[in-house]
$ cat run-v9.cif   # mmCIF, C-alpha atoms
data_coords
#
loop_
_atom_site.label_atom_id
_atom_site.label_comp_id
_atom_site.auth_asym_id
_atom_site.auth_seq_id
_atom_site.Cartn_x
_atom_site.Cartn_y
_atom_site.Cartn_z
CA ALA A 1382 137.47 85.05 139.18
CA SER A 1383 139.86 82.33 140.23
CA SER A 1384 140.94 81.92 143.82
CA ASP A 1385 144.32 83.41 142.81
CA ASP A 1386 142.52 86.70 142.07
CA GLU A 1387 140.71 86.94 145.42
CA PRO A 1388 142.01 89.49 147.93
CA GLY A 1389 143.72 88.31 151.08
CA PRO A 1390 142.27 88.89 154.55
CA SER A 1391 141.97 92.52 155.66
CA TYR A 1392 143.46 93.72 158.93
CA GLY A 1393 142.27 97.34 158.73
CA GLY A 1394 144.64 98.18 155.88
CA PRO A 1395 144.98 97.33 152.21
CA ALA A 1396 144.52 93.72 151.19
CA ALA A 1397 147.66 91.62 151.64
CA VAL A 1398 149.46 91.04 148.35
CA ASP A 1399 152.21 88.47 147.88
CA PRO A 1400 155.42 90.12 146.79
CA PRO A 1401 156.54 89.28 143.25
CA VAL A 1402 158.89 86.32 143.00
CA LEU A 1403 162.30 87.54 141.91
CA LEU A 1404 164.12 84.97 139.82
CA SER A 1405 167.84 84.98 139.26
CA ALA A 1406 169.18 85.04 135.72
CA ALA A 1407 170.06 81.35 136.05
CA GLU A 1408 166.51 80.48 137.16
CA LYS A 1409 164.99 82.45 134.29
CA ARG A 1410 167.28 80.66 131.86
CA LEU A 1411 166.31 77.29 133.33
CA ARG A 1412 162.61 78.07 132.91
CA LYS A 1413 163.13 79.10 129.29
CA TRP A 1414 164.94 75.84 128.58
CA ARG A 1415 162.27 73.77 130.29
CA ARG A 1416 159.61 75.37 128.10
CA MET A 1417 161.77 74.87 125.02
CA LEU A 1418 162.52 71.19 125.70
CA GLY A 1419 158.93 70.46 126.64
CA VAL A 1420 157.79 67.09 127.93
CA THR A 1421 158.27 64.91 124.84
CA VAL A 1422 160.65 64.80 121.89
CA ASP A 1423 157.78 66.05 119.72
CA ASP A 1424 157.53 69.16 121.91
CA TRP A 1425 161.21 69.86 121.27
CA LYS A 1426 160.91 69.29 117.53
CA ALA A 1427 157.92 71.62 117.33
CA TYR A 1428 159.84 74.38 119.13
CA VAL A 1429 162.86 73.92 116.83
CA ARG A 1430 160.61 74.20 113.76
CA ALA A 1431 158.84 77.27 115.12
CA LYS A 1432 161.86 79.15 116.48
CA PRO A 1433 165.12 77.73 115.11
CA GLN A 1434 167.08 80.94 115.67
CA VAL A 1435 166.00 81.13 119.31
CA VAL A 1436 167.09 77.53 119.84
CA GLN A 1437 170.46 78.18 118.22
CA ARG A 1438 171.08 81.37 120.20
CA ARG A 1439 170.21 79.79 123.54
CA THR A 1440 172.23 76.66 122.79
CA ARG A 1441 175.30 78.69 121.90
CA LYS A 1442 175.01 80.45 125.26
CA GLY A 1443 175.06 77.05 126.95
CA VAL A 1444 172.52 74.46 128.07
CA PRO A 1445 171.79 74.73 131.82
CA ALA A 1446 173.69 71.99 133.64
CA PRO A 1447 170.58 70.31 135.19
CA LEU A 1448 169.07 69.86 131.70
CA ARG A 1449 172.21 69.11 129.69
CA GLY A 1450 171.86 65.34 129.70
CA TYR A 1451 168.26 65.37 128.47
CA ALA A 1452 168.98 68.14 125.97
CA TRP A 1453 171.83 66.15 124.42
CA GLN A 1454 169.53 63.12 124.13
CA VAL A 1455 166.83 64.97 122.21
CA MET A 1456 169.27 67.01 120.09
CA SER A 1457 171.19 63.92 119.00
CA GLY A 1458 168.20 61.68 118.36
CA GLY A 1459 169.27 59.23 121.07
CA ARG A 1460 166.08 59.69 123.05
CA GLU A 1461 163.95 58.44 120.16
CA LEU A 1462 166.25 55.50 119.47
CA ARG A 1463 165.98 54.31 123.06
CA ALA A 1464 162.20 54.49 122.95
CA CYS A 1465 162.19 52.28 119.83
CA HIS A 1466 164.60 49.65 121.20
CA HIS A 1467 163.37 48.70 124.64
CA GLY A 1468 165.54 46.09 126.34
CA VAL A 1469 168.26 46.01 123.67
CA TYR A 1470 170.92 47.62 125.85
CA ASP A 1471 170.41 45.12 128.67
CA GLU A 1472 170.78 42.25 126.21
CA LEU A 1473 174.03 43.71 124.87
CA VAL A 1474 175.49 44.15 128.36
CA LEU A 1475 174.69 40.52 129.19
CA SER A 1476 176.01 39.13 125.90
CA THR A 1477 178.91 36.70 125.78
CA LEU A 1478 182.47 37.95 126.05
CA ASP A 1479 183.90 39.76 123.04
CA GLU A 1480 187.48 39.68 121.76
CA ARG A 1481 187.78 43.41 122.45
CA ASP A 1482 186.95 43.12 126.16
CA ASP A 1483 190.60 43.06 127.23
CA ASP A 1484 191.40 46.21 125.24
CA ILE A 1485 188.45 48.02 126.80
CA ALA A 1486 189.39 46.92 130.31
CA LYS A 1487 192.97 48.17 129.86
CA ASP A 1488 191.83 51.62 128.71
CA ILE A 1489 189.17 52.27 131.36
CA SER A 1490 191.58 53.73 133.91
CA ARG A 1491 193.03 56.09 131.29
CA THR A 1492 189.70 57.80 130.64
CA PHE A 1493 189.23 60.98 132.70
CA PRO A 1494 191.61 59.53 135.34
CA SER A 1495 191.47 62.63 137.53
CA HIS A 1496 187.66 62.84 137.61
CA VAL A 1497 186.16 61.55 140.83
CA PHE A 1498 183.50 59.53 139.00
CA PHE A 1499 186.08 57.46 137.12
CA ALA A 1500 189.02 57.56 139.53
CA LYS A 1501 188.21 54.54 141.71
CA PRO A 1502 189.34 51.19 140.28
CA ASP A 1503 186.26 49.07 139.64
CA GLY A 1504 184.10 51.89 141.00
CA ALA A 1505 180.66 52.78 139.65
CA GLY A 1506 182.08 55.07 136.98
CA GLN A 1507 184.59 52.57 135.63
CA ARG A 1508 181.98 49.78 135.62
CA SER A 1509 179.50 51.96 133.72
CA LEU A 1510 182.15 52.97 131.21
CA TYR A 1511 183.16 49.33 130.67
CA ASN A 1512 179.54 48.25 130.20
CA LEU A 1513 178.85 51.05 127.74
CA LEU A 1514 181.94 50.52 125.58
CA ARG A 1515 181.52 46.77 125.59
CA ALA A 1516 177.83 47.06 124.64
CA TYR A 1517 178.71 49.28 121.70
CA SER A 1518 181.49 46.98 120.51
CA VAL A 1519 178.99 44.11 120.43
CA TYR A 1520 176.26 46.25 118.84
CA ASP A 1521 178.48 47.44 115.98
CA ARG A 1522 181.07 44.75 115.34
CA GLU A 1523 182.45 46.48 112.26
CA VAL A 1524 183.44 49.54 114.29
CA GLY A 1525 183.96 47.65 117.53
CA TYR A 1526 186.11 49.57 119.97
CA VAL A 1527 188.70 52.28 119.35
CA GLN A 1528 190.62 53.92 122.19
CA GLY A 1529 189.32 57.47 121.73
CA MET A 1530 185.71 56.31 122.07
CA GLY A 1531 186.21 56.08 125.84
CA PHE A 1532 186.32 59.86 126.21
CA VAL A 1533 183.11 60.28 124.20
CA ALA A 1534 181.39 57.62 126.29
CA GLY A 1535 182.82 59.02 129.52
CA LEU A 1536 181.58 62.54 128.90
CA LEU A 1537 178.10 61.23 128.14
CA LEU A 1538 178.08 59.19 131.37
CA LEU A 1539 178.73 62.32 133.40
CA HIS A 1540 175.31 63.58 132.26
CA MET A 1541 173.06 60.55 131.81
CA SER A 1542 172.54 56.86 132.51
CA GLU A 1543 174.41 54.04 130.75
CA GLU A 1544 171.48 53.20 128.52
CA ASP A 1545 170.81 56.82 127.58
CA ALA A 1546 174.51 57.30 126.82
CA PHE A 1547 174.54 54.17 124.65
CA TRP A 1548 171.72 55.39 122.44
CA VAL A 1549 173.27 58.85 122.12
CA MET A 1550 176.47 57.15 120.92
CA VAL A 1551 174.45 55.14 118.41
CA ALA A 1552 172.69 58.31 117.25
CA LEU A 1553 175.98 60.18 116.79
CA PHE A 1554 177.87 57.34 115.14
CA ARG A 1555 175.03 56.24 112.88
CA GLY A 1556 173.89 59.78 112.04
CA ALA A 1557 170.38 60.05 113.47
CA MET A 1558 170.39 63.85 113.16
CA HIS A 1559 173.69 64.82 111.51
CA GLU A 1560 176.42 63.26 109.40
CA PRO A 1561 177.32 59.82 110.85
CA LEU A 1562 180.59 59.78 112.77
CA GLU A 1563 181.33 56.05 112.69
CA GLY A 1564 184.01 56.74 110.07
CA LEU A 1565 186.08 58.28 112.89
CA TYR A 1566 186.41 54.77 114.35
CA SER A 1567 185.84 52.24 111.57
CA PRO A 1568 188.85 50.39 110.04
CA GLY A 1569 191.19 52.83 108.32
CA MET A 1570 189.45 55.78 110.01
CA PRO A 1571 188.27 57.26 106.69
CA LEU A 1572 186.42 60.16 108.29
CA VAL A 1573 189.52 61.13 110.30
CA ARG A 1574 191.52 61.30 107.07
CA ARG A 1575 188.90 63.47 105.44
CA CYS A 1576 188.63 65.78 108.46
CA LEU A 1577 192.42 66.25 108.54
CA HIS A 1578 192.37 67.15 104.84
CA GLN A 1579 189.63 69.69 105.48
CA LEU A 1580 191.43 71.15 108.51
CA GLU A 1581 194.69 71.61 106.59
CA GLY A 1582 192.77 73.39 103.85
CA LEU A 1583 191.16 75.71 106.40
CA LEU A 1584 194.52 76.48 108.01
CA GLY A 1585 195.96 77.49 104.65
CA GLU A 1586 193.19 80.07 104.24
CA HIS A 1587 192.54 81.30 107.78
CA LEU A 1588 196.07 80.96 109.17
CA PRO A 1589 198.44 81.14 106.18
CA ARG A 1590 201.51 82.14 108.24
CA LEU A 1591 201.00 79.28 110.67
CA ALA A 1592 200.30 76.82 107.85
CA ALA A 1593 203.56 77.86 106.16
CA HIS A 1594 205.41 77.47 109.48
CA PHE A 1595 203.96 73.98 109.93
CA GLN A 1596 205.05 73.08 106.40
CA ARG A 1597 208.62 74.34 106.96
CA GLU A 1598 208.84 72.41 110.24
CA CYS A 1599 207.25 69.26 108.72
CA VAL A 1600 204.31 69.40 111.13
CA HIS A 1601 201.11 67.81 109.85
CA ALA A 1602 197.59 68.16 111.22
CA SER A 1603 197.55 64.45 112.03
CA MET A 1604 200.19 65.08 114.70
CA PHE A 1605 197.83 67.14 116.86
CA ALA A 1606 194.29 67.11 115.47
CA THR A 1607 193.52 63.39 115.20
CA GLN A 1608 192.54 63.29 118.88
CA TRP A 1609 190.41 66.42 118.40
CA PHE A 1610 188.16 64.52 116.02
CA VAL A 1611 188.32 61.05 117.60
CA THR A 1612 187.42 62.38 121.07
CA LEU A 1613 185.44 65.41 119.85
CA PHE A 1614 187.70 67.54 122.08
CA ALA A 1615 186.75 65.57 125.21
CA TYR A 1616 190.43 64.70 125.72
CA SER A 1617 191.89 68.12 124.93
CA LEU A 1618 189.69 70.76 126.55
CA PRO A 1619 188.75 71.40 130.19
CA LEU A 1620 185.49 69.70 131.13
CA GLY A 1621 183.54 72.95 131.53
CA VAL A 1622 184.68 74.11 128.10
CA VAL A 1623 184.08 70.86 126.21
CA GLU A 1624 180.56 70.65 127.65
CA ARG A 1625 179.78 74.01 126.05
CA VAL A 1626 181.36 72.89 122.77
CA TRP A 1627 179.23 69.75 122.85
CA ASP A 1628 176.07 71.80 123.45
CA VAL A 1629 176.62 73.36 120.03
CA PHE A 1630 177.92 70.14 118.48
CA MET A 1631 174.77 68.23 119.45
CA LEU A 1632 172.60 70.83 117.74
CA GLU A 1633 174.73 71.84 114.76
CA GLY A 1634 176.99 68.87 114.03
CA VAL A 1635 180.69 68.29 113.47
CA LYS A 1636 181.24 71.70 111.86
CA VAL A 1637 181.80 73.17 115.33
CA ILE A 1638 184.81 70.88 115.87
CA PHE A 1639 186.51 72.58 112.92
CA GLN A 1640 185.45 76.02 114.13
CA VAL A 1641 186.88 75.39 117.59
CA GLY A 1642 190.08 73.90 116.19
CA VAL A 1643 190.75 76.90 113.95
CA ALA A 1644 189.87 79.31 116.78
CA LEU A 1645 192.30 77.59 119.16
CA LEU A 1646 195.12 77.86 116.65
CA GLN A 1647 194.25 81.49 115.90
CA ARG A 1648 194.52 82.34 119.55
CA ALA A 1649 197.88 80.60 119.93
CA GLU A 1650 199.31 81.55 116.53
CA GLU A 1651 201.99 84.01 117.68
CA ASN A 1652 203.32 81.60 120.29
CA LEU A 1653 203.37 78.67 117.86
CA LEU A 1654 205.16 80.70 115.16
CA ALA A 1655 208.10 81.18 117.50
CA LEU A 1656 208.68 77.46 118.14
CA PRO A 1657 211.09 75.15 116.28
CA PHE A 1658 210.09 71.62 115.34
CA GLU A 1659 211.11 69.78 118.53
CA VAL A 1660 209.31 72.19 120.86
CA LEU A 1661 206.44 72.75 118.43
CA ALA A 1662 205.75 69.03 118.08
CA ALA A 1663 205.87 68.49 121.84
CA ASN A 1664 203.49 71.39 122.51
CA LEU A 1665 201.05 70.41 119.80
CA ARG A 1666 200.91 66.83 121.10
CA HIS A 1667 199.10 68.15 124.19
CA PHE A 1668 197.60 71.28 122.62
CA PRO A 1669 195.50 73.09 123.78
CA ALA A 1670 195.91 71.57 127.28
CA SER A 1671 199.58 72.66 127.36
CA GLU A 1672 198.54 76.24 126.63
CA LYS A 1673 196.31 76.43 129.74
CA ARG A 1674 198.28 74.28 132.18
CA GLU A 1675 200.32 77.07 133.72
CA GLU A 1676 197.33 79.39 133.98
CA ALA A 1677 195.31 76.74 135.84
CA ARG A 1678 197.88 76.18 138.59
CA GLY A 1679 196.87 77.56 141.95
CA LEU A 1680 193.16 77.84 141.18
CA ASP A 1681 190.71 76.08 143.46
CA GLU A 1682 187.75 74.16 141.99
CA VAL A 1683 185.44 77.19 142.09
CA GLY A 1684 188.10 79.30 140.42
CA ARG A 1685 188.62 76.68 137.73
CA ALA A 1686 184.86 76.43 137.08
CA GLY A 1687 184.59 80.20 136.69
CA ASP A 1688 187.67 80.21 134.49
CA ASP A 1689 186.09 77.49 132.31
CA ASN A 1690 182.96 79.60 131.82
CA VAL A 1691 184.97 82.60 130.71
CA GLU A 1692 187.16 80.41 128.53
CA ALA A 1693 184.13 78.79 126.87
CA ASP A 1694 182.48 82.15 126.16
CA ASP A 1695 185.67 83.54 124.63
CA LEU A 1696 186.46 80.43 122.60
CA LEU A 1697 182.94 79.94 121.23
CA GLU A 1698 182.56 83.62 120.36
CA ARG A 1699 185.72 83.39 118.27
CA ALA A 1700 184.88 79.97 116.83
CA LEU A 1701 181.26 80.61 115.88
CA ALA A 1702 182.20 83.81 114.07
CA LEU A 1703 184.01 81.63 111.52
CA ARG A 1704 181.90 80.86 108.45
CA LEU A 1705 183.18 77.50 107.30
CA SER A 1706 180.23 75.49 105.95
CA ARG A 1707 180.70 76.22 102.24
CA ARG A 1708 184.48 75.73 102.35
CA LEU A 1709 184.10 72.49 104.31
CA ASP A 1710 181.80 71.18 101.58
CA GLU A 1711 184.34 72.16 98.90
CA LEU A 1712 187.19 70.50 100.76
CA ARG A 1713 185.09 67.39 101.28
CA ALA A 1714 184.41 67.17 97.55
CA GLU A 1715 188.12 67.73 96.85
CA HIS A 1716 189.09 64.93 99.24
CA ASP A 1717 186.54 62.54 97.71
CA TYR A 1718 187.80 63.36 94.20
CA LEU A 1719 191.42 62.75 95.17
CA ASN A 1720 190.48 59.47 96.83
CA GLU A 1721 188.62 58.35 93.73
CA ARG A 1722 191.60 59.18 91.52
CA MET A 1723 193.90 57.21 93.80
CA ARG A 1724 191.58 54.20 93.67
CA ASP A 1725 191.36 54.42 89.88
CA SER A 1726 195.13 54.74 89.61
CA GLY A 1727 195.63 51.72 91.85
CA ALA A 1728 193.18 49.68 89.80
CA GLU A 1729 195.04 50.54 86.58
CA ARG A 1730 198.37 49.42 88.05
CA SER A 1731 197.02 46.14 89.40
CA PRO A 1732 198.09 43.13 87.33
CA PRO A 1733 195.33 41.07 85.70
CA PRO A 1734 194.22 38.00 87.65
#
$ encode --input "run-v9.cif" --output "C-alpha cells"
Amino acid sequence: ASSDDEPGPSYGGPAAVDPPVLLSAAEKRLRKWRRMLGVTVDDWKAYVRAKPQVVQRRTRKGVPAPLRGYAWQVMSGGRELRACHHGVYDELVLSTLDERDDDIAKDISRTFPSHVFFAKPDGAGQRSLYNLLRAYSVYDREVGYVQGMGFVAGLLLLHMSEEDAFWVMVALFRGAMHEPLEGLYSPGMPLVRRCLHQLEGLLGEHLPRLAAHFQRECVHASMFATQWFVTLFAYSLPLGVVERVWDVFMLEGVKVIFQVGVALLQRAEENLLALPFEVLAANLRHFPASEKREEARGLDEVGRAGDDNVEADDLLERALALRLSRRLDELRAEHDYLNERMRDSGAERSPPP
C-alpha cells in the first residue's frame, strides 16, 4: 500500500482521517478545464477528438477566467503558429517605420479608453497595443491596419502577452482553424459586405416585422452591424459579455457573431419597432450599448460584473438556440453568385482596349 493508504497515529481512538476536501463549483470547473486543455496543444486536440460535445458544452458555459488566454490560443491555432515562428514577432516590432504608424498612434487612445490597462497615455497597455498593431501591419502589408482591429487586439491583450496576441490575430485573420477573417479588413472589406448580406437575409426570416420596419425607414444593416463584424462585438458589448461570446467564437467560428446579432435584435425588437428613422438611426449607431446604458447606471464594479454574467448567460442561451449554419451557407452562395453576375455585367459593358 502507498503511504497515502497508511493510517495516521493512534491516540486511543480511531485512526485520524483527513476530512475530504470540499471544492467550490468554480474550483471544480477549473479542474475540469485544466484536464481538458492538458499540457500541450496535442493534449487539447486529443480531448476535442474524443469528446467534442463535452468541449462545446463547457465552452458555451464559459472558459474560466484564469485559463481564458491559453484556451483562446489553442482554440484559434495561435499557440501552434507561435511555436513555429520563434523570434518573428520581435523582428516585426523592431522593423523600420511603416506609413501606417501615424494612423495607429492616433487610434490607440480610442481603444477601450475607460479600461485601466489602456487609459494611461503611453502606459504599458497603450505601448503593447501600438506594438501589436504595428507588427501586424508590417506582417501583412496587404491588410495593413484598419481602425476596428484595435478592439480585437486590445481584447486579446487583456488575456495574454503581445506575442501570443499577435499569433492569435494571425490565426484568426489567416484562418488557422476557421474561415479566414482578413476579408473584414482588406481593401474593399469584401467579407464585411458578404456578412451584411447574410445578416439582412437572416433578419428577413427571423425578424420579418423588424426587417420591414428597417426597409420603410431606409435603415440598412451597414448602419449598425459593420462594427459588429469588424470588432467581433468587442466595441459593442460589455467586456464580461464579449469575453463569453469570444469563448464560443474561438471554438465555433464566425457563425456565433450572426447568432448574437440576431438575438440582440430579437430582444430589442418591440422597442425598435416603435422608433422613427431619426431616433432609430441614432439608437442603432450605438446598439446594443445604448440599450444597456441606463440599466448600468448606479452599479458598482461588482454589480456590473454580476450583471455581465447574467447578461451573457441570457444572450448566449437565446443566440445559440438559433440554427443558422445551413441558411448562412445559402446566403453566402447567393452573395457570391450576385457578385459574379455584377463582375460579368461590368466586363460586358467595358469598352474594348
$ atom_distance --input "run-v9.cif" --atom1 "CA of Arg1704 (chain A)" --atom2 "CA of Glu1586 (chain A)"
12.1 Å
$ closest_atom_pairs --input "run-v9.cif" --of "region 1477-1525 of chain A" --to "region 1565-1572 of chain A" --cutoff "8 Å" --atoms "all atoms listed in the file" --output "tab-separated table"
residue	atom	partner	partner_atom	distance
A:Glu1523	CA	A:Ser1567	CA	6.7
A:Val1524	CA	A:Ser1567	CA	4.5
A:Gly1525	CA	A:Ser1567	CA	7.8
$ closest_residue --input "run-v9.cif" --among "A:Leu1705, A:Leu1645, A:Leu1654, A:Met1558" --to "Arg1597 (chain A)" --atoms "only C-alpha atoms"
A:Leu1654
$ closest_residue --input "run-v9.cif" --among "A:Leu1462, A:Asp1479, A:Arg1491, A:Gln1579" --to "Glu1711 (chain A)" --atoms "all atoms listed in the file"
A:Gln1579
$ resolve_selection --input "run-v9.cif" --expression "the PyMOL selection byres ((chain A and resi 1504-1509) around 10)" --output "list in words"
Ala1486, Ile1489, Ser1490, Thr1492, Pro1494, His1496, Val1497, Phe1498, Phe1499, Ala1500, Lys1501, Pro1502, Asp1503, Leu1510, Tyr1511, Asn1512, Leu1513, Leu1514, Arg1515, Ala1534, Gly1535, Leu1538, Leu1539, Ser1542, Glu1543 and Glu1544 of chain A
$ resolve_selection --input "run-v9.cif" --expression "the PyMOL selection byres ((chain A and resi 1463) around 10)" --output "PyMOL selection string"
chain A and resi 1454+1458-1462+1464-1470+1544-1549+1551-1552
$ resolve_selection --input "run-v9.cif" --expression "the PyMOL selection byres ((chain A and resi 1659-1665) around 10)" --output "list in words"
Phe1595, Glu1598, Cys1599, Val1600, His1601, Ala1602, Met1604, Phe1605, Ala1606, Asn1652, Leu1653, Leu1654, Ala1655, Leu1656, Pro1657, Phe1658, Arg1666, His1667, Phe1668, Pro1669, Ala1670, Ser1671 and Glu1672 of chain A
$ residues_around --input "run-v9.cif" --residues "Ala1516 (chain A)" --least-positions-apart "4" --cutoff "7 Å" --atoms "all atoms listed in the file" --output "JSON, numbers by chain"
{"A": [1473, 1474, 1512, 1520]}
$ atom_distance --input "run-v9.cif" --atom1 "CA of Val1435 (chain A)" --atom2 "CA of Leu1613 (chain A)"
25.0 Å
$ closest_residue --input "run-v9.cif" --among "A:Lys1426, A:Gln1647, A:Arg1708, A:Arg1724" --to "Arg1590 (chain A)" --atoms "only C-alpha atoms"
A:Gln1647
$ atom_distance --input "run-v9.cif" --atom1 "CA of Leu1478 (chain A)" --atom2 "CA of Val1533 (chain A)"
22.4 Å
$ residues_around --input "run-v9.cif" --residues "region 1581-1585 of chain A" --least-positions-apart "2" --cutoff "9 Å" --atoms "all atoms listed in the file" --output "PyMOL selection string"
chain A and resi 1576-1579+1587-1593+1601-1602+1639+1643+1646+1705+1708-1709+1712
$ closest_residue --input "run-v9.cif" --among "A:Arg1574, A:Leu1411, A:Lys1487, A:Leu1553" --to "Asp1717 (chain A)" --atoms "all atoms listed in the file"
A:Arg1574
$ closest_residue --input "run-v9.cif" --among "A:Leu1701, A:Leu1632, A:Ile1485, A:Ile1638" --to "Val1455 (chain A)" --atoms "only C-alpha atoms"
A:Leu1632
$ closest_residue --input "run-v9.cif" --among "A:Leu1404, A:Ala1452, A:Ala1446, A:Leu1620" --to "Leu1418 (chain A)" --atoms "only C-alpha atoms"
A:Ala1452
$ axis_aligned_box --input "run-v9.cif" --around "region 1455-1472 of chain A" --padding-each-side "8 Å" --output "JSON"
{"center_x": 166.7, "center_y": 54.6, "center_z": 123.5, "size_x": 25.0, "size_y": 40.8, "size_z": 26.3}
$ residues_around --input "run-v9.cif" --residues "Val1637 (chain A)" --least-positions-apart "2" --cutoff "10 Å" --atoms "all atoms listed in the file" --output "short mmCIF file (atom, residue, chain, number, x, y, z; two decimals) with C-alpha atoms, in the coordinates of the input"
data_model
loop_
_atom_site.label_atom_id
_atom_site.label_comp_id
_atom_site.auth_asym_id
_atom_site.auth_seq_id
_atom_site.Cartn_x
_atom_site.Cartn_y
_atom_site.Cartn_z
CA LEU A 1613 185.44 65.41 119.85
CA VAL A 1626 181.36 72.89 122.77
CA TRP A 1627 179.23 69.75 122.85
CA VAL A 1629 176.62 73.36 120.03
CA PHE A 1630 177.92 70.14 118.48
CA MET A 1631 174.77 68.23 119.45
CA LEU A 1632 172.60 70.83 117.74
CA GLU A 1633 174.73 71.84 114.76
CA GLY A 1634 176.99 68.87 114.03
CA VAL A 1635 180.69 68.29 113.47
CA PHE A 1639 186.51 72.58 112.92
CA GLN A 1640 185.45 76.02 114.13
CA VAL A 1641 186.88 75.39 117.59
CA GLY A 1642 190.08 73.90 116.19
CA VAL A 1643 190.75 76.90 113.95
CA LEU A 1697 182.94 79.94 121.23
CA ALA A 1700 184.88 79.97 116.83
CA LEU A 1701 181.26 80.61 115.88
CA LEU A 1703 184.01 81.63 111.52
CA LEU A 1705 183.18 77.50 107.30
CA SER A 1706 180.23 75.49 105.95
#
$ build_atoms --input "run-v9.cif" --residues "region 1590-1596 of chain A" --atoms "all heavy atoms" --output "compact mmCIF listing (two decimals), keeping the file's coordinate frame"
# COMPACT_ATOMS: atom_id res chain seq x y z
N ARG A 1590 200.16 82.09 107.67
CA ARG A 1590 201.51 82.14 108.24
C ARG A 1590 201.79 80.88 109.05
O ARG A 1590 202.88 80.30 108.97
CB ARG A 1590 201.68 83.37 109.12
CG ARG A 1590 201.75 84.69 108.37
CD ARG A 1590 202.25 85.79 109.30
NE ARG A 1590 201.41 85.90 110.49
CZ ARG A 1590 201.85 86.29 111.70
NH1 ARG A 1590 203.14 86.59 111.88
NH2 ARG A 1590 201.02 86.38 112.72
N LEU A 1591 200.81 80.47 109.86
CA LEU A 1591 201.00 79.28 110.67
C LEU A 1591 201.08 78.03 109.80
O LEU A 1591 201.89 77.13 110.06
CB LEU A 1591 199.86 79.15 111.69
CG LEU A 1591 200.01 78.04 112.73
CD1 LEU A 1591 201.27 78.24 113.56
CD2 LEU A 1591 198.79 77.98 113.64
N ALA A 1592 200.26 77.97 108.76
CA ALA A 1592 200.30 76.82 107.85
C ALA A 1592 201.67 76.72 107.18
O ALA A 1592 202.22 75.62 107.04
CB ALA A 1592 199.20 76.95 106.81
N ALA A 1593 202.22 77.87 106.78
CA ALA A 1593 203.56 77.86 106.16
C ALA A 1593 204.62 77.43 107.17
O ALA A 1593 205.56 76.69 106.83
CB ALA A 1593 203.88 79.25 105.61
N HIS A 1594 204.47 77.87 108.41
CA HIS A 1594 205.41 77.47 109.48
C HIS A 1594 205.33 75.97 109.72
O HIS A 1594 206.37 75.29 109.84
CB HIS A 1594 205.08 78.24 110.75
CG HIS A 1594 205.99 77.95 111.90
ND1 HIS A 1594 207.36 78.11 111.84
CD2 HIS A 1594 205.72 77.51 113.17
CE1 HIS A 1594 207.91 77.79 113.00
NE2 HIS A 1594 206.93 77.41 113.82
N PHE A 1595 204.13 75.42 109.78
CA PHE A 1595 203.96 73.98 109.93
C PHE A 1595 204.64 73.23 108.78
O PHE A 1595 205.30 72.22 108.98
CB PHE A 1595 202.47 73.62 109.97
CG PHE A 1595 201.80 73.91 111.29
CD1 PHE A 1595 200.42 73.75 111.41
CD2 PHE A 1595 202.51 74.32 112.40
CE1 PHE A 1595 199.78 74.00 112.62
CE2 PHE A 1595 201.88 74.58 113.62
CZ PHE A 1595 200.52 74.41 113.72
N GLN A 1596 204.47 73.74 107.57
CA GLN A 1596 205.05 73.08 106.40
C GLN A 1596 206.58 73.10 106.47
O GLN A 1596 207.23 72.08 106.21
CB GLN A 1596 204.56 73.77 105.12
CG GLN A 1596 204.94 73.02 103.86
CD GLN A 1596 204.27 73.61 102.63
OE1 GLN A 1596 203.77 74.72 102.66
NE2 GLN A 1596 204.25 72.85 101.54
